[in-house]
>>> print(open('target.txt').read())   # compact mmCIF, C-alpha atoms
# COMPACT_ATOMS: atom_id res chain seq x y z
CA MET A 278 0.00 0.00 0.00
CA LEU A 279 2.94 2.29 0.57
CA ALA A 280 4.19 1.44 -2.93
CA SER A 281 2.82 4.66 -4.42
CA ALA A 282 4.78 6.62 -1.83
CA LEU A 283 8.01 5.27 -3.29
CA ASP A 284 6.99 6.07 -6.87
CA ASP A 285 6.69 9.84 -6.64
CA ASP A 286 10.16 11.26 -6.73
CA ASP A 287 8.78 14.51 -8.15
CA ASP A 288 11.24 17.27 -7.34
CA VAL A 289 12.69 15.35 -4.39
CA GLY A 290 9.31 14.87 -2.68
CA LYS A 291 10.19 14.89 0.99
CA THR A 292 8.48 12.74 3.56
CA LEU A 293 7.47 13.52 7.13
CA VAL A 294 7.55 10.71 9.67
CA LEU A 295 5.88 11.22 13.04
CA LEU A 296 7.12 9.01 15.84
CA ARG A 297 5.32 7.88 18.96
CA ASP A 298 7.66 9.92 21.16
CA GLY A 299 6.49 13.08 19.39
CA ARG A 300 9.55 13.50 17.20
CA LYS A 301 9.16 14.75 13.67
CA LEU A 302 11.62 13.37 11.14
CA MET A 303 11.88 14.54 7.55
CA GLY A 304 13.79 13.15 4.61
CA THR A 305 13.55 11.08 1.46
CA LEU A 306 11.67 7.82 1.97
CA ARG A 307 13.82 5.14 0.42
CA SER A 308 12.26 1.97 1.74
CA PHE A 309 9.52 0.55 3.94
CA ASP A 310 7.80 -2.74 4.72
CA GLN A 311 4.50 -4.10 6.02
CA PHE A 312 5.42 -3.16 9.59
CA ALA A 313 6.09 0.45 8.56
CA ASN A 314 9.82 -0.01 9.16
CA ALA A 315 11.31 2.74 7.01
CA VAL A 316 14.54 4.05 5.61
CA LEU A 317 14.89 7.84 5.49
CA GLU A 318 17.77 9.31 3.55
CA GLY A 319 19.09 12.75 4.40
CA ALA A 320 16.91 12.74 7.47
CA CYS A 321 16.61 15.64 9.87
CA GLU A 322 14.58 16.19 13.00
CA ARG A 323 12.37 19.27 12.99
CA VAL A 324 12.19 20.47 16.56
CA ILE A 325 9.37 22.93 17.23
CA VAL A 326 9.05 24.90 20.47
CA GLY A 327 6.30 27.49 20.37
CA GLU A 328 6.93 29.72 17.37
CA GLN A 329 10.57 28.63 16.99
CA TYR A 330 11.87 25.69 14.99
CA CYS A 331 15.15 24.09 13.97
CA ASP A 332 16.09 21.27 11.61
CA ILE A 333 18.79 19.03 13.07
CA PRO A 334 20.51 16.85 10.45
CA LEU A 335 20.63 13.12 11.18
CA GLY A 336 21.79 11.40 8.00
CA LEU A 337 20.62 7.93 6.96
CA TYR A 338 18.02 6.49 9.34
CA VAL A 339 16.43 3.08 9.66
CA ILE A 340 13.25 3.45 11.68
CA ARG A 341 11.60 0.51 13.43
CA GLY A 342 7.93 0.43 12.44
CA GLU A 343 6.52 0.09 15.96
CA ASN A 344 7.64 3.66 16.65
CA VAL A 345 5.92 5.09 13.59
CA VAL A 346 2.66 7.03 13.94
CA LEU A 347 2.30 8.56 10.52
CA ILE A 348 4.18 8.87 7.22
CA GLY A 349 3.14 11.91 5.20
CA ASP A 350 4.01 13.41 1.83
CA LEU A 351 5.22 16.97 2.17
CA ASP A 352 3.67 18.86 -0.72
CA THR A 353 6.49 20.88 -2.29
CA GLU A 354 4.01 23.44 -3.62
CA ARG A 355 2.90 24.42 -0.15
CA GLU A 356 4.53 26.08 2.83
CA GLU A 357 5.87 23.45 5.19
CA LEU A 358 5.26 25.69 8.18
CA PRO A 359 3.11 28.74 8.93
CA PRO A 360 4.95 31.94 7.88
CA HIS A 361 5.07 33.40 11.40
CA MET A 362 7.42 30.67 12.64
CA ILE A 363 11.05 31.59 13.26
CA ARG A 364 13.99 29.40 12.36
CA VAL A 365 16.64 29.33 15.10
CA SER A 366 19.94 27.58 15.73
CA GLU A 367 20.34 24.16 17.30
CA THR A 368 21.68 25.64 20.54
CA GLU A 369 18.78 28.06 20.71
CA ILE A 370 16.11 25.38 20.20
CA LYS A 371 17.74 23.05 22.74
CA ARG A 372 17.61 25.91 25.23
CA ALA A 373 13.93 26.50 24.45
CA GLN A 374 13.22 22.77 24.84
CA LYS A 375 14.87 22.80 28.27
CA VAL A 376 12.76 25.77 29.37
CA GLU A 377 9.57 24.11 28.18
CA ARG A 378 10.49 20.84 29.88
CA GLU A 379 11.08 22.65 33.16
CA LEU A 380 7.86 24.60 32.80
CA ARG A 381 5.93 21.39 32.23
CA GLY A 382 7.72 19.96 35.26
CA THR A 383 6.68 22.77 37.59
CA MET A 384 3.10 22.74 36.25
CA ARG A 385 2.92 19.02 37.00
CA LYS A 386 4.22 19.62 40.54
CA ARG A 387 1.52 22.23 41.10
CA MET A 388 -1.15 19.81 39.88
CA GLU A 389 0.02 16.90 42.02
CA PHE A 390 -2.28 17.76 44.92
CA LEU A 391 -5.21 17.05 42.57
CA ASP A 392 -4.28 13.35 42.58
CA PHE A 393 -4.55 12.92 38.82
CA ASP A 394 -3.08 9.75 37.44
CA MET B 179 -10.93 -9.62 8.27
CA LEU B 180 -14.34 -8.17 9.11
CA PHE B 181 -13.18 -4.60 9.70
CA PHE B 182 -10.70 -4.81 6.85
CA SER B 183 -13.64 -5.60 4.54
CA TYR B 184 -15.69 -2.84 6.12
CA PHE B 185 -12.99 -0.22 5.54
CA LYS B 186 -12.46 -1.44 1.99
CA ASP B 187 -16.11 -0.62 1.33
CA LEU B 188 -15.54 2.86 2.76
CA VAL B 189 -12.76 3.76 0.31
CA GLY B 190 -13.55 7.11 -1.27
CA GLN B 191 -15.42 8.43 1.76
CA GLU B 192 -14.36 11.41 3.86
CA VAL B 193 -13.25 10.26 7.28
CA THR B 194 -11.57 11.78 10.31
CA VAL B 195 -8.94 9.57 11.89
CA GLU B 196 -8.15 10.34 15.51
CA LEU B 197 -4.81 8.97 16.66
CA LYS B 198 -3.76 7.85 20.12
CA ASN B 199 -1.51 10.93 20.35
CA ASP B 200 -4.69 13.06 19.99
CA LEU B 201 -3.84 14.22 16.47
CA ALA B 202 -6.98 14.17 14.31
CA ILE B 203 -6.71 14.12 10.51
CA ARG B 204 -9.54 14.52 8.05
CA GLY B 205 -9.19 13.14 4.55
CA THR B 206 -10.45 10.84 1.86
CA LEU B 207 -9.92 7.17 2.57
CA HIS B 208 -7.60 5.99 -0.18
CA SER B 209 -6.78 2.49 1.00
CA VAL B 210 -6.55 0.15 3.94
CA ASP B 211 -4.63 -3.08 4.54
CA GLN B 212 -4.87 -6.18 6.70
CA TYR B 213 -3.26 -4.36 9.66
CA LEU B 214 -5.89 -1.62 9.28
CA ASN B 215 -3.09 0.75 8.29
CA ILE B 216 -4.85 3.66 6.60
CA LYS B 217 -3.85 5.82 3.71
CA LEU B 218 -5.60 9.18 3.45
CA GLU B 219 -5.59 11.69 0.61
CA ASN B 220 -6.29 15.39 0.54
CA THR B 221 -5.69 15.59 4.27
CA ARG B 222 -6.14 18.49 6.64
CA VAL B 223 -5.40 18.41 10.33
CA VAL B 224 -8.38 19.23 12.58
CA ASP B 225 -6.51 21.53 14.96
CA GLN B 226 -4.05 23.02 12.45
CA ASP B 227 -2.54 25.62 14.80
CA LYS B 228 -1.48 22.97 17.27
CA TYR B 229 0.33 20.92 14.61
CA PRO B 230 2.20 23.39 12.36
CA HIS B 231 4.49 20.66 11.01
CA MET B 232 1.50 19.04 9.31
CA LEU B 233 0.67 22.13 7.24
CA SER B 234 1.94 20.87 3.90
CA VAL B 235 0.99 17.22 4.34
CA ARG B 236 -1.72 16.31 1.85
CA ASN B 237 -1.39 12.53 1.68
CA CYS B 238 -0.35 10.26 4.49
CA PHE B 239 0.00 6.71 5.66
CA ILE B 240 -1.21 6.02 9.20
CA ARG B 241 -0.05 2.94 11.06
CA GLY B 242 -3.09 0.95 12.18
CA SER B 243 -1.75 0.45 15.69
CA VAL B 244 -1.86 4.18 16.47
CA VAL B 245 -5.49 4.76 15.49
CA ARG B 246 -7.95 5.54 18.28
CA TYR B 247 -11.06 6.32 16.22
CA VAL B 248 -12.17 6.47 12.64
CA GLN B 249 -15.00 9.01 12.49
CA LEU B 250 -17.39 8.67 9.60
CA PRO B 251 -19.73 11.35 8.24
CA PRO B 252 -23.11 10.80 9.98
CA ASP B 253 -24.94 10.16 6.72
CA GLY B 254 -22.00 8.55 5.00
CA VAL B 255 -22.83 5.06 6.12
CA ASP B 256 -25.93 3.05 5.32
CA LEU B 257 -27.07 2.05 8.78
CA SER B 258 -29.97 -0.05 7.62
CA VAL B 259 -28.99 -3.59 8.44
CA ARG B 260 -28.81 -5.86 5.45
CA ASN B 261 -26.47 -8.50 6.75
CA CYS B 262 -25.61 -9.24 10.32
CA PHE B 263 -23.77 -11.66 12.50
CA ILE B 264 -25.63 -13.21 15.46
CA ARG B 265 -23.86 -15.15 18.14
CA GLY B 266 -25.29 -18.67 18.30
CA SER B 267 -25.53 -18.76 22.08
CA VAL B 268 -28.14 -15.95 22.15
CA VAL B 269 -30.59 -17.52 19.73
CA ARG B 270 -33.94 -18.64 21.18
CA TYR B 271 -35.80 -19.63 18.02
CA VAL B 272 -35.12 -19.80 14.31
CA GLN B 273 -38.49 -19.52 12.57
CA LEU B 274 -38.57 -21.30 9.24
CA PRO B 275 -41.03 -20.88 6.37
CA PRO B 276 -43.91 -23.39 6.74
CA ASP B 277 -42.68 -25.58 3.91
CA GLY B 278 -39.05 -25.06 4.83
CA VAL B 279 -38.66 -28.49 6.35
CA ASP B 280 -39.96 -31.91 5.41
CA VAL B 281 -41.23 -32.69 8.89
CA ASP B 282 -41.82 -36.39 8.26
CA LEU B 283 -38.31 -36.88 6.93
CA LEU B 284 -36.94 -35.01 9.92
CA HIS B 285 -39.00 -37.10 12.32
CA ASP B 286 -37.68 -40.35 10.77
CA ALA B 287 -34.10 -39.08 10.84
CA ALA B 288 -34.43 -38.03 14.47
CA ARG B 289 -35.85 -41.46 15.42
CA ARG B 290 -32.96 -43.17 13.67
CA GLU B 291 -30.38 -40.96 15.32
CA ALA B 292 -31.95 -41.46 18.75
CA ARG B 293 -31.64 -45.19 18.24
CA GLY B 294 -27.92 -44.65 17.67
CA GLY B 295 -28.02 -45.33 13.92
>>> encode(input="target.txt", output="structure tokens")
Amino acid sequence: MLASALDDDDDVGKTLVLLRDGRKLMGTLRSFDQFANAVLEGACERVIVGEQYCDIPLGLYVIRGENVVLIGDLDTEREELPPHMIRVSETEIKRAQKVERELRGTMRKRMEFLDFD
Amino acid sequence: MLFFSYFKDLVGQEVTVELKNDLAIRGTLHSVDQYLNIKLENTRVVDQDKYPHMLSVRNCFIRGSVVRYVQLPPDGVDLSVRNCFIRGSVVRYVQLPPDGVDVDLLHDAARREARGG
């Protein structure tokens, strides 16, 4: 069923792979199988924190299918991201990720008295 | 096999697939496979602002194992029951047409079987 995804090499049609851990990988889909194991060439991880984003290069990736949520065609004729988003450096985005992680941490601590599970 | 057949009959319909990571994608059902992996065309994400990375995705493959719901248009499915499966253990009677059974033949056969023949 994924066969047609391999056919279209129109203008280096890039592919977006969403993973269960929330990561977003992008690259050229070179191979796949019935378990959604996939090979992404020239892969990068697009890290998005708020309005900021950064593409971190990863190279050639073999992804185990059980981690895959979705494999999508990125339409080259459309904007990949909304225009208001700002591209930043890797250091910058890692800093933003840390801040968000800590913020989520403190929010969770404040909510603990509610005995959610 | 049952749901695979059901989804095959739905190909061409507009559906909204809600994933276990809460992402909901609306699109035209293009194909389905034995794992209930789903391929959607002409996709749009329901809450676009929350998922900016999905902006340019128009066609995608969704791994069956990550699907929570497949929402169908309310009038998109013929709900009038034409064929159904009934569990044997809940049946009280099966009413047959009056001439559906040769009662005499049945009586003889039952007598023979009771005798151990």
>>> residues_near_point(input="target.txt", point="(15.5, 10.6, 4.9)", cutoff="7 Å", atoms="only C-alpha atoms", output="list in words")
Met303, Gly304, Thr305, Leu306, Val316, Leu317, Glu318, Gly319, Ala320, Leu337 and Tyr338 of chain A
>>> write_last_selection(input="target.txt", atoms="C-alpha atoms", output="mmCIF file, in the frame of the given file")
data_model
loop_
_atom_site.group_PDB
_atom_site.id
_atom_site.type_symbol
_atom_site.label_atom_id
_atom_site.label_comp_id
_atom_site.auth_asym_id
_atom_site.auth_seq_id
_atom_site.Cartn_x
_atom_site.Cartn_y
_atom_site.Cartn_z
ATOM 1 C CA MET A 303 11.880 14.540 7.550
ATOM 2 C CA GLY A 304 13.790 13.150 4.610
ATOM 3 C CA THR A 305 13.550 11.080 1.460
ATOM 4 C CA LEU A 306 11.670 7.820 1.970
ATOM 5 C CA VAL A 316 14.540 4.050 5.610
ATOM 6 C CA LEU A 317 14.890 7.840 5.490
ATOM 7 C CA GLU A 318 17.770 9.310 3.550
ATOM 8 C CA GLY A 319 19.090 12.750 4.400
ATOM 9 C CA ALA A 320 16.910 12.740 7.470
ATOM 10 C CA LEU A 337 20.620 7.930 6.960
ATOM 11 C CA TYR A 338 18.020 6.490 9.340
#
>>> closest_residue(input="target.txt", among="A:Val339, A:Val294, A:Ile333, A:Leu351", to="Ser234 in chain B", atoms="only C-alpha atoms")
A:Leu351
>>> closest_atom_pairs(input="target.txt", of="chain A", to="chain B", cutoff="7 Å", atoms="all atoms listed in the file", output="JSON lines")
{"residue": "A:Val345", "atom": "CA", "partner": "B:Arg241", "partner_atom": "CA", "distance": 6.8}
{"residue": "A:Val346", "atom": "CA", "partner": "B:Arg241", "partner_atom": "CA", "distance": 5.7}
{"residue": "A:Leu347", "atom": "CA", "partner": "B:Ile240", "partner_atom": "CA", "distance": 4.5}
{"residue": "A:Ile348", "atom": "CA", "partner": "B:Phe239", "partner_atom": "CA", "distance": 5.0}
{"residue": "A:Gly349", "atom": "CA", "partner": "B:Cys238", "partner_atom": "CA", "distance": 3.9}
{"residue": "A:Asp350", "atom": "CA", "partner": "B:Val235", "partner_atom": "CA", "distance": 5.5}
{"residue": "A:Leu351", "atom": "CA", "partner": "B:Val235", "partner_atom": "CA", "distance": 4.8}
{"residue": "A:Asp352", "atom": "CA", "partner": "B:Ser234", "partner_atom": "CA", "distance": 5.3}
{"residue": "A:Arg355", "atom": "CA", "partner": "B:Ser234", "partner_atom": "CA", "distance": 5.5}
{"residue": "A:Glu356", "atom": "CA", "partner": "B:Ser234", "partner_atom": "CA", "distance": 5.9}
{"residue": "A:Glu357", "atom": "CA", "partner": "B:Ser234", "partner_atom": "CA", "distance": 4.9}
{"residue": "A:Leu358", "atom": "CA", "partner": "B:Pro230", "partner_atom": "CA", "distance": 5.7}
{"residue": "A:Pro359", "atom": "CA", "partner": "B:Pro230", "partner_atom": "CA", "distance": 6.4}
>>> closest_residue(input="target.txt", among="B:Val281, B:Leu214, B:Val272, B:Leu207", to="Phe182 in chain B", atoms="only C-alpha atoms")
B:Leu214
>>> atom_distance(input="target.txt", atom1="CA of Gln311 in chain A", atom2="CA of Asn344 in chain A")
13.5 Å
>>> atom_distance(input="target.txt", atom1="CA of Asp310 in chain A", atom2="CA of Glu192 in chain B")
26.3 Å
>>> closest_residue(input="target.txt", among="A:Leu302, A:Leu295, A:Ala313, A:Leu380", to="Gly342 in chain A", atoms="only C-alpha atoms")
A:Ala313
>>> atom_distance(input="target.txt", atom1="CA of Lys301 in chain A", atom2="CA of Met388 in chain A")
28.6 Å
>>> axis_aligned_box(input="target.txt", around="range 336-340 of chain A", padding_each_side="5 Å", output="AutoDock Vina command-line options")
--center_x 17.5 --center_y 7.2 --center_z 9.3 --size_x 18.5 --size_y 18.3 --size_z 14.7
>>> build_atoms(input="target.txt", residues="range 259-282 of chain B", atoms="N, CA and C atoms", output="compact mmCIF listing (two decimals), in the frame of the given file")
# COMPACT_ATOMS: atom_id res chain seq x y z
N VAL B 259 -29.68 -2.30 8.37
CA VAL B 259 -28.99 -3.59 8.44
C VAL B 259 -29.44 -4.48 7.30
N ARG B 260 -28.47 -4.89 6.50
CA ARG B 260 -28.81 -5.86 5.45
C ARG B 260 -28.28 -7.23 5.80
N ASN B 261 -27.06 -7.24 6.34
CA ASN B 261 -26.47 -8.50 6.75
C ASN B 261 -25.98 -8.34 8.17
N CYS B 262 -26.14 -9.34 8.98
CA CYS B 262 -25.61 -9.24 10.32
C CYS B 262 -25.15 -10.59 10.85
N PHE B 263 -24.33 -10.49 11.85
CA PHE B 263 -23.77 -11.66 12.50
C PHE B 263 -24.45 -11.80 13.86
N ILE B 264 -24.98 -12.98 14.16
CA ILE B 264 -25.63 -13.21 15.46
C ILE B 264 -24.92 -14.36 16.15
N ARG B 265 -24.54 -14.11 17.39
CA ARG B 265 -23.86 -15.15 18.14
C ARG B 265 -24.83 -16.28 18.44
N GLY B 266 -24.41 -17.51 18.18
CA GLY B 266 -25.29 -18.67 18.30
C GLY B 266 -25.89 -18.82 19.68
N SER B 267 -25.10 -18.52 20.71
CA SER B 267 -25.53 -18.76 22.08
C SER B 267 -26.70 -17.89 22.52
N VAL B 268 -27.04 -16.83 21.71
CA VAL B 268 -28.14 -15.95 22.15
C VAL B 268 -29.44 -16.24 21.42
N VAL B 269 -29.40 -17.24 20.53
CA VAL B 269 -30.59 -17.52 19.73
C VAL B 269 -31.60 -18.32 20.56
N ARG B 270 -32.88 -17.87 20.54
CA ARG B 270 -33.94 -18.64 21.18
C ARG B 270 -34.62 -19.51 20.12
N TYR B 271 -35.12 -18.88 19.09
CA TYR B 271 -35.80 -19.63 18.02
C TYR B 271 -35.26 -19.22 16.66
N VAL B 272 -35.30 -20.14 15.72
CA VAL B 272 -35.12 -19.80 14.31
C VAL B 272 -36.41 -20.20 13.62
N GLN B 273 -37.21 -19.22 13.22
CA GLN B 273 -38.49 -19.52 12.57
C GLN B 273 -38.26 -19.77 11.10
N LEU B 274 -38.74 -20.91 10.65
CA LEU B 274 -38.57 -21.30 9.24
C LEU B 274 -39.87 -21.10 8.48
N PRO B 275 -39.78 -20.93 7.16
CA PRO B 275 -41.03 -20.88 6.37
C PRO B 275 -41.76 -22.22 6.52
N PRO B 276 -43.09 -22.20 6.45
CA PRO B 276 -43.91 -23.39 6.74
C PRO B 276 -43.47 -24.64 5.96
N ASP B 277 -43.10 -24.43 4.71
CA ASP B 277 -42.68 -25.58 3.91
C ASP B 277 -41.16 -25.69 3.86
N GLY B 278 -40.51 -25.08 4.84
CA GLY B 278 -39.05 -25.06 4.83
C GLY B 278 -38.44 -26.39 5.19
N VAL B 279 -39.20 -27.21 5.90
CA VAL B 279 -38.66 -28.49 6.35
C VAL B 279 -39.64 -29.61 6.04
N ASP B 280 -39.12 -30.71 5.58
CA ASP B 280 -39.96 -31.91 5.41
C ASP B 280 -40.04 -32.56 6.78
N VAL B 281 -41.13 -32.29 7.49
CA VAL B 281 -41.23 -32.69 8.89
C VAL B 281 -41.18 -34.20 9.06
N ASP B 282 -41.81 -34.92 8.15
CA ASP B 282 -41.82 -36.39 8.26
C ASP B 282 -40.42 -36.96 8.13
